[in-house]
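The data block below is upload_11.txt; it holds compact mmCIF, C-alpha atoms and all ligand atoms.
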```txt
# COMPACT_ATOMS: atom_id res chain seq x y z
CA MET A 236 0.00 0.00 0.00
CA SER A 237 1.20 3.51 -0.84
CA ASN A 238 2.59 5.53 2.07
CA LYS A 239 1.75 8.80 0.34
CA ILE A 240 -0.29 11.40 2.21
CA ARG A 241 -3.95 11.19 1.13
CA LEU A 242 -4.93 14.60 -0.25
CA GLY A 243 -8.40 16.00 -0.99
CA ILE A 244 -9.07 19.22 -2.88
CA LEU A 245 -11.96 21.69 -2.58
CA GLY A 246 -12.24 23.99 -5.60
CA GLY A 247 -9.44 24.11 -8.14
CA GLY A 248 -11.55 22.60 -10.93
CA GLY A 249 -10.72 22.66 -14.61
CA ASP A 250 -12.14 26.17 -14.87
CA SER A 251 -9.91 27.54 -12.10
CA LEU A 252 -6.66 29.45 -12.15
CA ILE A 253 -4.94 27.93 -9.15
CA GLY A 254 -5.98 24.25 -9.22
CA VAL A 255 -3.22 23.06 -11.54
CA LEU A 256 -0.55 24.74 -9.42
CA HIS A 257 -1.61 22.81 -6.34
CA ARG A 258 -1.97 19.50 -8.18
CA VAL A 259 1.47 19.75 -9.75
CA ALA A 260 3.05 21.05 -6.52
CA SER A 261 1.58 18.23 -4.47
CA SER A 262 3.00 15.64 -6.84
CA MET A 263 6.47 17.16 -7.00
CA TYR A 264 8.26 15.32 -4.20
CA ASP A 265 6.18 12.11 -4.44
CA SER A 266 4.66 12.79 -1.03
CA TYR A 267 0.94 13.12 -1.78
CA GLN A 268 -1.74 11.18 -3.57
CA LEU A 269 -4.86 13.05 -4.69
CA VAL A 270 -7.72 10.77 -3.64
CA GLY A 271 -10.80 12.95 -4.21
CA GLY A 272 -12.54 16.20 -3.50
CA VAL A 273 -15.14 18.69 -4.69
CA PHE A 274 -13.56 20.50 -7.59
CA ASN A 275 -16.57 22.64 -8.38
CA PRO A 276 -20.19 23.03 -7.29
CA ASP A 277 -21.71 20.81 -10.01
CA LEU A 278 -21.44 17.02 -9.47
CA ASP A 279 -21.36 16.07 -13.16
CA GLN A 280 -18.63 18.62 -13.78
CA ASN A 281 -16.79 17.27 -10.73
CA ILE A 282 -16.89 13.70 -11.97
CA GLY A 283 -15.97 14.75 -15.49
CA PHE A 284 -12.96 16.65 -14.18
CA ALA A 285 -11.84 13.74 -11.97
CA GLU A 286 -12.01 11.42 -14.99
CA LYS A 287 -10.05 13.91 -17.06
CA ILE A 288 -7.19 14.11 -14.55
CA GLY A 289 -7.32 10.35 -14.03
CA ILE A 290 -8.36 9.92 -10.40
CA PRO A 291 -11.01 7.43 -9.21
CA THR A 292 -14.43 9.03 -8.93
CA ASP A 293 -15.68 7.17 -5.83
CA ARG A 294 -14.41 9.94 -3.54
CA VAL A 295 -15.53 12.87 -5.66
CA TYR A 296 -18.43 14.37 -3.71
CA LYS A 297 -21.33 16.68 -4.47
CA ASP A 298 -20.37 19.24 -1.83
CA PHE A 299 -17.96 19.71 1.05
CA ASP A 300 -20.42 18.71 3.79
CA THR A 301 -20.81 15.37 2.04
CA LEU A 302 -17.05 15.06 1.67
CA ILE A 303 -16.55 15.41 5.42
CA GLU A 304 -19.47 13.12 6.28
CA GLU A 305 -18.34 10.35 3.91
CA GLU A 306 -14.62 10.62 4.69
CA LEU A 307 -15.34 10.30 8.43
CA LYS A 308 -17.01 6.94 7.73
CA LEU A 309 -13.70 5.61 6.36
CA PRO A 310 -11.06 4.09 8.65
CA GLU A 311 -8.34 6.60 9.54
CA THR A 312 -5.84 4.66 7.47
CA GLU A 313 -7.88 5.41 4.34
CA ARG A 314 -9.34 8.81 5.17
CA MET A 315 -8.04 12.03 3.57
CA GLN A 316 -5.25 13.35 5.78
CA VAL A 317 -5.12 16.85 4.40
CA VAL A 318 -7.54 18.93 2.35
CA SER A 319 -6.52 21.89 0.19
CA VAL A 320 -9.07 24.72 0.04
CA LEU A 321 -8.80 26.46 -3.35
CA THR A 322 -12.26 28.00 -3.72
CA PRO A 323 -13.21 31.69 -3.95
CA ASN A 324 -12.37 33.48 -0.69
CA PHE A 325 -15.78 33.41 1.06
CA LEU A 326 -15.73 29.60 1.20
CA HIS A 327 -12.31 29.34 2.85
CA PHE A 328 -13.64 30.00 6.36
CA PRO A 329 -16.63 27.60 6.48
CA MET A 330 -14.62 24.88 4.76
CA ALA A 331 -11.43 25.25 6.83
CA LYS A 332 -13.45 25.55 10.05
CA LYS A 333 -15.39 22.36 9.50
CA LEU A 334 -12.28 20.50 8.33
CA LEU A 335 -10.34 21.49 11.45
CA GLU A 336 -13.27 20.65 13.72
CA ASN A 337 -13.31 17.18 12.22
CA GLY A 338 -9.60 16.50 12.56
CA PHE A 339 -8.35 17.14 9.02
CA ASN A 340 -5.09 18.96 8.27
CA VAL A 341 -5.67 21.96 6.00
CA ILE A 342 -3.80 23.78 3.26
CA CYS A 343 -5.70 27.01 2.60
CA GLU A 344 -5.39 29.57 -0.17
CA LYS A 345 -4.96 33.23 0.68
CA PRO A 346 -6.54 35.48 1.79
CA MET A 347 -7.26 32.95 4.52
CA THR A 348 -10.80 34.22 5.28
CA THR A 349 -12.93 37.25 4.42
CA THR A 350 -12.62 38.95 7.83
CA TYR A 351 -10.09 39.26 10.65
CA GLU A 352 -12.72 37.93 13.06
CA GLU A 353 -13.11 34.72 11.04
CA ALA A 354 -9.34 34.39 11.00
CA ARG A 355 -9.17 34.60 14.80
CA ILE A 356 -11.95 32.01 15.13
CA LEU A 357 -9.98 29.63 12.91
CA LYS A 358 -6.86 30.21 14.99
CA ASP A 359 -8.76 29.37 18.20
CA ILE A 360 -10.01 26.13 16.66
CA LEU A 361 -6.53 25.22 15.44
CA ASP A 362 -5.02 25.97 18.87
CA ARG A 363 -7.37 23.37 20.36
CA SER A 364 -6.47 20.72 17.76
CA ASN A 365 -3.35 18.83 16.70
CA ALA A 366 -3.85 19.66 13.04
CA ILE A 367 -1.33 21.20 10.65
CA PHE A 368 -2.55 24.35 8.91
CA ALA A 369 -0.74 26.10 6.06
CA VAL A 370 -1.67 29.22 4.09
CA THR A 371 -0.31 29.28 0.56
CA TYR A 372 1.55 32.54 0.28
CA THR A 373 3.14 30.82 -2.67
CA TYR A 374 6.15 33.02 -3.24
CA THR A 375 7.75 32.27 0.14
CA GLY A 376 8.73 28.85 -1.23
CA TYR A 377 11.25 30.16 -3.77
CA PRO A 378 14.85 29.13 -3.00
CA MET A 379 16.16 32.69 -3.41
CA ILE A 380 13.48 34.10 -1.10
CA ARG A 381 14.49 31.55 1.51
CA GLN A 382 18.09 32.63 0.94
CA MET A 383 17.08 36.26 1.39
CA LYS A 384 15.43 35.41 4.70
CA GLU A 385 18.48 33.55 5.97
CA MET A 386 20.93 36.27 4.83
CA ILE A 387 18.93 38.99 6.58
CA ALA A 388 18.77 36.85 9.74
CA SER A 389 22.53 36.26 9.66
CA GLY A 390 23.26 40.00 9.40
CA ALA A 391 24.45 40.05 5.77
CA ILE A 392 22.89 43.49 5.17
CA GLY A 393 23.23 44.79 8.74
CA THR A 394 20.32 46.43 10.51
CA VAL A 395 17.23 46.74 8.31
CA GLN A 396 16.34 50.40 7.74
CA LYS A 397 14.18 50.59 4.57
CA ILE A 398 11.66 48.16 3.07
CA ASP A 399 9.95 48.38 -0.31
CA ALA A 400 7.62 45.90 -1.99
CA GLN A 401 5.84 46.41 -5.27
CA TYR A 402 3.14 44.12 -6.70
CA TYR A 403 1.89 45.38 -10.05
CA GLN A 404 -0.57 43.63 -12.37
CA GLY A 405 -2.80 44.95 -15.14
CA TRP A 406 -5.27 42.07 -15.58
CA ILE A 407 -8.33 43.81 -14.15
CA ASN A 408 -8.29 46.60 -16.79
CA PRO A 409 -10.69 44.88 -19.24
CA ILE A 410 -13.03 44.05 -16.33
CA ILE A 411 -13.01 47.29 -14.38
CA HIS A 412 -13.76 49.43 -17.42
CA ASP A 413 -16.72 47.26 -18.48
CA GLY A 414 -19.81 47.73 -16.29
CA GLU A 415 -21.22 44.25 -16.95
CA LYS A 416 -17.99 42.39 -16.37
CA ARG A 417 -17.34 44.51 -13.29
CA ALA A 418 -20.59 43.26 -11.77
CA ALA A 419 -20.01 39.61 -12.75
CA THR A 420 -16.60 38.72 -11.28
CA TRP A 421 -16.46 37.29 -7.74
CA ARG A 422 -13.25 39.16 -7.12
CA LEU A 423 -15.11 42.52 -7.17
CA ASP A 424 -18.01 41.24 -5.05
CA PRO A 425 -17.47 41.92 -1.32
CA GLU A 426 -19.79 39.00 -0.44
CA LYS A 427 -17.44 36.57 -2.16
CA SER A 428 -14.08 38.30 -1.92
CA GLY A 429 -14.06 40.17 1.40
CA ILE A 430 -13.64 43.92 1.86
CA SER A 431 -10.72 44.35 -0.51
CA CYS A 432 -9.75 43.20 -3.97
CA CYS A 433 -6.24 44.45 -4.69
CA ILE A 434 -4.91 44.57 -1.12
CA GLY A 435 -6.68 41.29 -0.27
CA ASP A 436 -5.43 39.48 -3.33
CA ILE A 437 -1.88 40.76 -3.84
CA GLY A 438 -1.21 43.29 -1.08
CA THR A 439 -1.32 40.39 1.40
CA HIS A 440 1.37 38.56 -0.58
CA ALA A 441 3.62 41.61 -0.28
CA PHE A 442 2.83 42.04 3.43
CA ASP A 443 3.50 38.38 4.24
CA MET A 444 6.68 38.40 2.14
CA ILE A 445 8.08 41.42 3.97
CA GLU A 446 7.41 39.88 7.38
CA TYR A 447 8.75 36.50 6.15
CA VAL A 448 12.10 37.73 4.84
CA THR A 449 12.79 40.32 7.55
CA GLY A 450 11.32 38.46 10.54
CA MET A 451 9.94 41.88 11.58
CA GLU A 452 6.33 42.90 12.21
CA VAL A 453 4.50 45.83 10.63
CA LYS A 454 3.16 47.93 13.52
CA GLU A 455 1.20 50.68 11.70
CA VAL A 456 -0.15 51.37 8.21
CA LEU A 457 -1.35 54.42 6.28
CA ALA A 458 -3.15 53.62 3.05
CA ASP A 459 -4.50 55.35 -0.04
CA LEU A 460 -6.65 53.08 -2.23
CA ASN A 461 -8.20 53.57 -5.66
CA TYR A 462 -11.61 52.16 -6.62
CA VAL A 463 -11.56 53.82 -10.09
CA TYR A 464 -15.41 53.95 -10.42
CA SER A 465 -17.89 55.22 -7.82
CA ASP A 466 -20.13 52.13 -8.24
CA ASN A 467 -17.16 49.80 -7.66
CA LYS A 468 -17.00 48.57 -4.05
CA MET A 469 -13.51 47.12 -4.19
CA ASP A 470 -10.05 48.67 -4.42
CA VAL A 471 -8.03 47.76 -7.51
CA ASP A 472 -4.94 49.80 -6.67
CA GLY A 473 -3.34 51.02 -3.48
CA THR A 474 -0.25 52.36 -1.76
CA VAL A 475 0.45 51.54 1.87
CA LEU A 476 3.06 53.21 4.05
CA LEU A 477 4.46 50.92 6.73
CA ARG A 478 5.96 51.64 10.13
CA PHE A 479 7.95 48.92 11.84
CA SER A 480 9.36 51.31 14.47
CA GLU A 481 10.26 54.98 14.79
CA PHE A 482 13.31 54.51 12.60
CA VAL A 483 12.36 51.60 10.33
CA LYS A 484 9.77 52.33 7.65
CA GLY A 485 8.67 50.98 4.33
CA LEU A 486 5.93 50.81 1.75
CA ILE A 487 3.83 48.42 -0.30
CA ARG A 488 2.75 49.53 -3.79
CA THR A 489 0.05 47.37 -5.36
CA SER A 490 -2.04 47.63 -8.48
CA GLN A 491 -4.27 45.56 -10.72
CA ILE A 492 -4.60 48.45 -13.18
CA ALA A 493 -0.88 48.87 -13.92
CA THR A 494 -1.53 48.46 -17.63
CA GLY A 495 0.65 45.86 -19.30
CA GLU A 496 2.14 44.52 -16.07
CA GLU A 497 1.86 40.74 -15.62
CA ASN A 498 2.91 39.55 -12.17
CA ASN A 499 5.53 42.14 -11.34
CA PHE A 500 6.17 41.45 -7.67
CA THR A 501 9.44 42.79 -6.30
CA VAL A 502 10.81 43.00 -2.80
CA SER A 503 13.77 45.12 -1.72
CA ILE A 504 15.21 45.20 1.79
CA TYR A 505 17.93 47.67 2.70
CA GLY A 506 20.13 47.43 5.78
CA ASP A 507 22.89 49.73 7.00
CA LYS A 508 25.50 47.43 5.38
CA GLY A 509 23.78 46.39 2.16
CA GLY A 510 20.59 45.61 0.29
CA LEU A 511 18.84 42.54 -1.13
CA LYS A 512 16.47 42.70 -4.09
CA TRP A 513 14.33 40.01 -5.72
CA GLU A 514 11.86 39.99 -8.64
CA GLN A 515 9.16 37.34 -9.00
CA GLU A 516 9.36 37.38 -12.79
CA ASN A 517 13.10 36.54 -12.57
CA PRO A 518 13.04 34.46 -9.40
CA ASN A 519 16.39 32.75 -9.81
CA TYR A 520 18.39 35.92 -9.18
CA LEU A 521 18.90 37.47 -5.76
CA TYR A 522 20.73 40.79 -5.98
CA HIS A 523 23.08 41.71 -3.14
CA LEU A 524 24.00 45.40 -3.15
CA THR A 525 26.68 47.13 -1.08
CA GLU A 526 28.38 50.53 -1.13
CA THR A 527 31.86 48.98 -1.35
CA GLU A 528 31.71 46.06 -3.77
CA PRO A 529 30.27 45.38 -7.22
CA LEU A 530 26.73 43.98 -7.38
CA LYS A 531 26.56 40.27 -6.52
CA VAL A 532 23.95 37.99 -8.09
CA LEU A 533 23.16 34.84 -6.13
CA LYS A 534 21.49 31.87 -7.82
CA PRO A 535 19.78 28.68 -6.58
CA GLY A 536 21.44 25.33 -5.99
CA HIS A 537 24.94 26.62 -5.20
CA ALA A 538 26.67 25.52 -2.01
CA TYR A 539 26.95 29.16 -0.88
CA ASN A 540 23.18 29.17 -0.25
CA SER A 541 21.65 28.33 3.14
CA GLU A 542 20.33 24.86 3.98
CA LEU A 543 16.76 26.18 3.84
CA SER A 544 17.33 27.53 0.33
CA LEU A 545 19.14 24.40 -0.90
CA ASP A 546 16.34 22.22 0.44
CA GLY A 547 14.09 23.95 -2.09
CA SER A 548 16.27 23.16 -5.12
CA LYS A 549 15.76 19.80 -6.79
CA LEU A 550 18.45 19.98 -9.45
CA PRO A 551 22.02 21.31 -9.71
CA PRO A 552 22.59 25.02 -10.50
CA GLY A 553 21.47 26.16 -13.94
CA HIS A 554 18.03 24.53 -13.83
CA PRO A 555 15.64 27.42 -13.25
CA GLU A 556 13.13 27.23 -10.39
CA GLY A 557 9.64 28.60 -11.03
CA ILE A 558 6.27 29.11 -9.37
CA PHE A 559 5.47 25.37 -9.42
CA ASP A 560 8.71 24.64 -7.56
CA SER A 561 7.93 27.35 -5.04
CA MET A 562 4.50 25.88 -4.26
CA GLY A 563 6.07 22.38 -4.34
CA ASN A 564 8.41 23.43 -1.55
CA ILE A 565 5.47 24.57 0.58
CA TYR A 566 3.74 21.20 0.05
CA LYS A 567 7.01 19.45 0.90
CA GLY A 568 7.23 21.30 4.22
CA VAL A 569 3.60 20.51 5.04
CA ALA A 570 4.23 16.83 4.27
CA ARG A 571 7.11 16.81 6.76
CA ALA A 572 4.90 18.43 9.40
CA ILE A 573 2.07 15.94 8.81
CA ARG A 574 4.54 13.04 9.05
CA LYS A 575 5.97 14.56 12.23
CA GLU A 576 9.40 14.81 10.63
CA LYS A 577 11.84 17.60 11.45
CA TYR A 578 11.19 20.76 9.43
CA HIS A 579 12.29 24.39 9.38
CA PRO A 580 9.61 26.91 10.45
CA GLY A 581 10.34 28.83 7.24
CA GLU A 582 9.15 25.94 5.05
CA PHE A 583 5.51 27.01 4.92
CA PRO A 584 3.33 29.94 6.00
CA THR A 585 1.12 29.16 8.98
CA MET A 586 -2.13 30.21 10.64
CA ASN A 587 -0.27 33.13 12.20
CA ASP A 588 0.58 34.46 8.73
CA GLY A 589 -3.06 34.03 7.69
CA VAL A 590 -4.34 35.92 10.74
CA ARG A 591 -1.84 38.75 10.30
CA GLY A 592 -2.76 38.95 6.61
CA MET A 593 -6.43 39.45 7.46
CA ASN A 594 -5.59 42.04 10.11
CA PHE A 595 -3.47 43.88 7.52
CA ILE A 596 -6.31 43.97 4.95
CA GLU A 597 -8.82 45.35 7.44
CA ARG A 598 -6.44 47.95 8.85
CA VAL A 599 -5.47 49.14 5.36
CA VAL A 600 -9.12 49.62 4.35
CA GLU A 601 -9.79 51.31 7.70
CA SER A 602 -6.88 53.70 7.16
CA HIS A 603 -8.17 54.62 3.70
CA GLN A 604 -11.76 55.09 4.91
CA LYS A 605 -10.68 57.28 7.83
CA GLY A 606 -9.12 59.69 5.36
CA ASN A 607 -5.63 58.18 5.09
CA THR A 608 -4.61 58.08 8.72
CA TRP A 609 -2.17 55.87 10.61
CA VAL A 610 -3.80 52.72 11.99
CA LYS A 611 -2.19 50.16 14.31
CA VAL A 612 -1.92 46.57 13.00
N1 LIG B 701 -1.39 31.73 -3.92
C1 LIG B 701 -1.54 32.44 -5.01
O1 LIG B 701 -0.60 33.01 -5.53
C2 LIG B 701 -2.90 32.53 -5.63
C3 LIG B 701 -3.06 32.82 -6.99
C4 LIG B 701 -4.36 32.83 -7.53
C5 LIG B 701 -5.46 32.60 -6.71
N2 LIG B 701 -5.27 32.37 -5.39
C6 LIG B 701 -6.41 32.13 -4.49
O2 LIG B 701 -6.99 30.88 -4.82
C7 LIG B 701 -8.41 30.93 -4.63
C8 LIG B 701 -9.08 30.53 -5.92
O3 LIG B 701 -8.68 31.42 -6.93
P1 LIG B 701 -8.82 31.07 -8.48
O4 LIG B 701 -8.20 32.21 -9.19
O5 LIG B 701 -8.37 29.68 -8.75
O6 LIG B 701 -10.41 31.18 -8.62
P2 LIG B 701 -11.28 30.64 -9.83
O7 LIG B 701 -12.53 31.42 -9.81
O8 LIG B 701 -10.45 30.60 -11.07
O9 LIG B 701 -11.57 29.10 -9.42
C9 LIG B 701 -12.35 28.78 -8.29
C10 LIG B 701 -12.69 27.29 -8.34
O10 LIG B 701 -13.47 26.97 -7.18
C11 LIG B 701 -14.59 26.20 -7.62
N3 LIG B 701 -15.71 26.37 -6.67
C12 LIG B 701 -16.53 27.43 -6.53
N4 LIG B 701 -17.47 27.18 -5.58
C13 LIG B 701 -17.20 25.92 -5.12
C14 LIG B 701 -17.81 25.09 -4.15
N5 LIG B 701 -18.88 25.50 -3.45
N6 LIG B 701 -17.28 23.87 -3.93
C15 LIG B 701 -16.22 23.44 -4.64
N7 LIG B 701 -15.61 24.18 -5.58
C16 LIG B 701 -16.10 25.40 -5.81
C17 LIG B 701 -14.90 26.74 -9.02
O11 LIG B 701 -15.68 25.83 -9.75
C18 LIG B 701 -13.47 26.87 -9.56
O12 LIG B 701 -13.01 25.62 -10.02
C19 LIG B 701 -8.72 32.36 -4.19
O13 LIG B 701 -8.86 32.42 -2.81
C20 LIG B 701 -7.52 33.17 -4.63
O14 LIG B 701 -7.26 34.30 -3.82
C21 LIG B 701 -4.02 32.32 -4.85
```
Any chance you could give the structure as structure tokens?
Amino acid sequence: MSNKIRLGILGGGGDSLIGVLHRVASSMYDSYQLVGGVFNPDLDQNIGFAEKIGIPTDRVYKDFDTLIEEELKLPETERMQVVSVLTPNFLHFPMAKKLLENGFNVICEKPMTTTYEEARILKDILDRSNAIFAVTYTYTGYPMIRQMKEMIASGAIGTVQKIDAQYYQGWINPIIHDGEKRAATWRLDPEKSGISCCIGDIGTHAFDMIEYVTGMEVKEVLADLNYVYSDNKMDVDGTVLLRFSEFVKGLIRTSQIATGEENNFTVSIYGDKGGLKWEQENPNYLYHLTETEPLKVLKPGHAYNSELSLDGSKLPPGHPEGIFDSMGNIYKGVARAIRKEKYHPGEFPTMNDGVRGMNFIERVVESHQKGNTWVKV
């Protein structure tokens, strides 16, 4: 019998953006076996999709309540051990809550919930259980991001004094400027998405990334958001000033209307001895800047990288790592945690990251609504 971890998936059907990333990532280190799920709300479509990707259809259920009910009837040795929640945002909370309450480990897409309150409820439930819970801030799995984290921790750039993250996309342009499309997408519907579109979707990636690589916490935010049309309830662009302390500040610049931009996510951290810069669209290069030496470019797989970084490279140097590898590394860390093997806390984002992300979104919107004032996170 296979000793792979039995994985279920909620959402992520053939019509989804993110499903394929999770399926490929979960298969990357031969640790998981996809045994079933609810890939979309229609049973026929579910079954059709399961057949298409070649998994048995006996554990493809009509909805997530049925999934939990039926899986609990199975002996523990056959039951799903972990369930990935890849649905639109408003379903993350009810699904993750019920999964945790019934003893399943959970891998949840971001933003973790639609409100900070829901996030805190989930945390309370997790604290009372033995389950593993991961939030897929995907980009933290890149080898050169892990290297950045370890270099900052070891003092390679000295004391951090300036932080800048930019996350620019342009994909919402054809939607936001078309009244009908604007009303039809779940991402611009507060009932389905939560109170923010741009900050909730990509601002949280930048926020989590900054806290991940620096190990520091944002203490206060001041935000200016753009909704572009008066009938549009959700921000599609925003700038957030960050205060870590009196003398350490930064900013997050996000946009979904940066025309022509694809997934231009960059993070730059400057210390008193040097700087580190990374770009998601060229993720195999980590730039190390100093005042005294020429620019250094670090790449994955080389022995000069940290153990945490090297653990995320599967092949020798010169074989580029991409977004699938990054998510694969997160799944690898979760597999170690589920198997109670030793793992580094930097291997996957946790409930704490999810809760802080939701707090960030709400405080940013609050700051904007109060007329661009400083708000404590
Ligand atoms: N980590 C990342 O970088 C990243 C990138 C993209 C999306 N996401 C997140 O992933 C989630 C999904 O995003 P997406 O772009 O794939 O959305 P999508 O709209 O493309 O796909 C959503 C999927 O969920 C299914 N679904 C809807 N209701 C369901 C239900 N009741 N039961 C089961 N399945 C249901 C849909 O049929 C579809 O297959 C969102 O929370 C989003 O924020 C994360």
- Figure out the distance between CA of Asn365 in chain A and CA of Glu336 in chain A, please, to one decimal in Å.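 Interatomic distance, CA of Glu336 in chain A to CA of Asn365 in chain A: 10.5 Å.
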### Shortest interatomic distance to ligand LIG 701 (chain B) - which of A:Phe368, A:Tyr351, A:Tyr402, A:Tyr505, counting only C-alpha atoms and all ligand atoms
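The answer is A:Tyr402, which sits nearest to ligand LIG 701 (chain B).
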Enumerate, in order of chain and increasing residue number, the residues of chain A with an atom no farther than 6 Å from ligand LIG 701 (chain B), each with its shortest atom pair and distance in Å to one decimal, counting all atoms listed in the file, as a tab-separated table.
```
residue	atom	partner	partner_atom	distance
A:Leu245	CA	B:LIG701	C15	5.0
A:Gly246	CA	B:LIG701	N7	3.4
A:Gly247	CA	B:LIG701	O12	4.3
A:Gly248	CA	B:LIG701	O12	3.5
A:Gly249	CA	B:LIG701	O12	5.9
A:Asp250	CA	B:LIG701	O12	5.0
A:Ser251	CA	B:LIG701	O8	3.3
A:Leu252	CA	B:LIG701	O5	3.8
A:Ile253	CA	B:LIG701	O5	3.9
A:Gly254	CA	B:LIG701	O5	6.0
A:Val273	CA	B:LIG701	C15	4.9
A:Phe274	CA	B:LIG701	N7	4.7
A:Asn275	CA	B:LIG701	N7	3.3
A:Pro276	CA	B:LIG701	C14	4.4
A:Asp298	CA	B:LIG701	N6	5.9
A:Leu321	CA	B:LIG701	C7	4.7
A:Thr322	CA	B:LIG701	O10	3.8
A:Pro323	CA	B:LIG701	C19	4.5
A:Asn324	CA	B:LIG701	O13	4.2
A:Glu344	CA	B:LIG701	O2	5.1
A:Lys345	CA	B:LIG701	O14	5.2
A:Pro346	CA	B:LIG701	O14	5.8
A:Thr371	CA	B:LIG701	N1	5.2
A:Tyr372	CA	B:LIG701	N1	5.2
A:Thr373	CA	B:LIG701	N1	4.8
A:Asp436	CA	B:LIG701	O14	5.5
```
_Which residues are close to Val475 in chain A, i.e. within 8 Å by only C-alpha atoms, leaving aside same-chain residues fewer than 5 positions away? Reply as a VMD selection string._
chain A and resid 456 to 459 486 to 488 599
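Compared by their closest atoms to Tyr377 in chain A, and using all atoms listed in the file, the residues A:Gly390, A:Pro584, A:Gly429, A:Pro535 rank with A:Pro535 nearest.
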- Query: Interatomic distance between CA of Met593 in chain A and CA of Glu353 in chain A?
  - Reply: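 Separating CA of Met593 in chain A from CA of Glu353 in chain A is a distance of 8.9 Å.
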Counting all atoms listed in the file, closest pick from A:Ser364, A:Ser261, A:Thr394, A:Thr494 relative to Gly510 in chain A is A:Thr394
Practice item. Work out how far CA of Val471 in chain A is from CA of Tyr403 in chain A, in Å to one decimal. Key: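 CA of Tyr403 in chain A sits 10.5 Å away from CA of Val471 in chain A.
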*Would you list the contacts of range 559-575 of chain A as a VMD selection string, taking every protein, DNA or RNA residue within 8 Å and counting only C-alpha atoms, but skipping same-chain residues closer than 2 positions in sequence?*
chain A and resid 240 256 to 257 259 to 264 266 to 267 340 367 369 371 373 to 378 547 556 to 557 577 to 579 582 to 584
For range 300-312 of chain A, list every protein, DNA or RNA residue within 12 Å, evaluated using only C-alpha atoms, and leave out those in the same chain fewer than 6 positions away; present the list as an MDAnalysis selection string.
chainID A and resid 236:245 270:274 276 278 293:294 318 329:339
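Using only C-alpha atoms, the protein and nucleic acid residues lying no more than 6 Å from Ser319 in chain A, apart from those fewer than 5 places from it along its own chain, are Ile244, Val341, Ile342 and Cys343 of chain A.
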Point to revise | Shortest interatomic distance to Glu601 in chain A - which of A:Gln401, A:Ser428, A:Ile356, A:Leu460, counting all atoms listed in the file | key: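 Of A:Gln401, A:Ser428, A:Ile356, A:Leu460, the one nearest Glu601 in chain A is A:Leu460, counting all atoms listed in the file.
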In terms of only C-alpha atoms, the residue from A:Tyr539, A:Phe500, A:Trp609, A:Tyr296 at minimal distance from Met444 in chain A is A:Phe500
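Of the residues listed (A:Glu286, A:Asp466, A:Asp507, A:Asp413), A:Asp507 shows the shortest atom-to-atom separation from Ala391 in chain A; distances use only C-alpha atoms.
All protein, DNA and RNA residues at most 10 Å from (18.1, 33.1, 10.2) are Arg381, Gln382, Met383, Lys384, Glu385, Met386, Ile387, Ala388, Ser389, Gly390, Val448, Thr449, Gly450, Ser541, Leu543 and Gly581 of chain A, using all atoms listed in the file.
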Generate the output file for the selected residues, C-alpha atoms, as an mmCIF file, keeping the file's coordinate frame.
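Below is the file that was written, again.cif:
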```
data_model
loop_
_atom_site.group_PDB
_atom_site.id
_atom_site.type_symbol
_atom_site.label_atom_id
_atom_site.label_comp_id
_atom_site.auth_asym_id
_atom_site.auth_seq_id
_atom_site.Cartn_x
_atom_site.Cartn_y
_atom_site.Cartn_z
ATOM 1 C CA ARG A 381 14.490 31.550 1.510
ATOM 2 C CA GLN A 382 18.090 32.630 0.940
ATOM 3 C CA MET A 383 17.080 36.260 1.390
ATOM 4 C CA LYS A 384 15.430 35.410 4.700
ATOM 5 C CA GLU A 385 18.480 33.550 5.970
ATOM 6 C CA MET A 386 20.930 36.270 4.830
ATOM 7 C CA ILE A 387 18.930 38.990 6.580
ATOM 8 C CA ALA A 388 18.770 36.850 9.740
ATOM 9 C CA SER A 389 22.530 36.260 9.660
ATOM 10 C CA GLY A 390 23.260 40.000 9.400
ATOM 11 C CA VAL A 448 12.100 37.730 4.840
ATOM 12 C CA THR A 449 12.790 40.320 7.550
ATOM 13 C CA GLY A 450 11.320 38.460 10.540
ATOM 14 C CA SER A 541 21.650 28.330 3.140
ATOM 15 C CA LEU A 543 16.760 26.180 3.840
ATOM 16 C CA GLY A 581 10.340 28.830 7.240
#
```
Is it possible to get the residues within 8 Å of (24.9, 50.9, 6.8) (coordinates as in the file, counting only C-alpha atoms) written as a ChimeraX atom specification? /A:392-394,506-509
Would you compute an axis-aligned box for range 549-563 of chain A, covering every atom listed for it in the file with 5 Å of margin on each side, and report centre and edge lengths in Å to one decimal as AutoDock Vina command-line options?
```
--center_x 13.5 --center_y 24.5 --center_z -9.1 --size_x 28.1 --size_y 19.3 --size_z 19.7
```
Coordinates of range 523-527 of chain A, N, CA and C atoms, as a short mmCIF file (atom, residue, chain, number, x, y, z; two decimals), in the first residue's frame:
```cif
data_model
loop_
_atom_site.label_atom_id
_atom_site.label_comp_id
_atom_site.auth_asym_id
_atom_site.auth_seq_id
_atom_site.Cartn_x
_atom_site.Cartn_y
_atom_site.Cartn_z
N HIS A 523 22.49 41.24 -4.41
CA HIS A 523 23.08 41.71 -3.14
C HIS A 523 23.86 43.00 -3.44
N LEU A 524 23.39 44.10 -2.89
CA LEU A 524 24.00 45.40 -3.15
C LEU A 524 24.80 45.86 -1.93
N THR A 525 25.96 46.47 -2.18
CA THR A 525 26.68 47.13 -1.08
C THR A 525 27.26 48.44 -1.61
N GLU A 526 27.76 49.26 -0.71
CA GLU A 526 28.38 50.53 -1.13
C GLU A 526 29.82 50.29 -1.57
N THR A 527 30.42 49.15 -1.19
CA THR A 527 31.86 48.98 -1.35
C THR A 527 32.28 47.98 -2.42
#
```
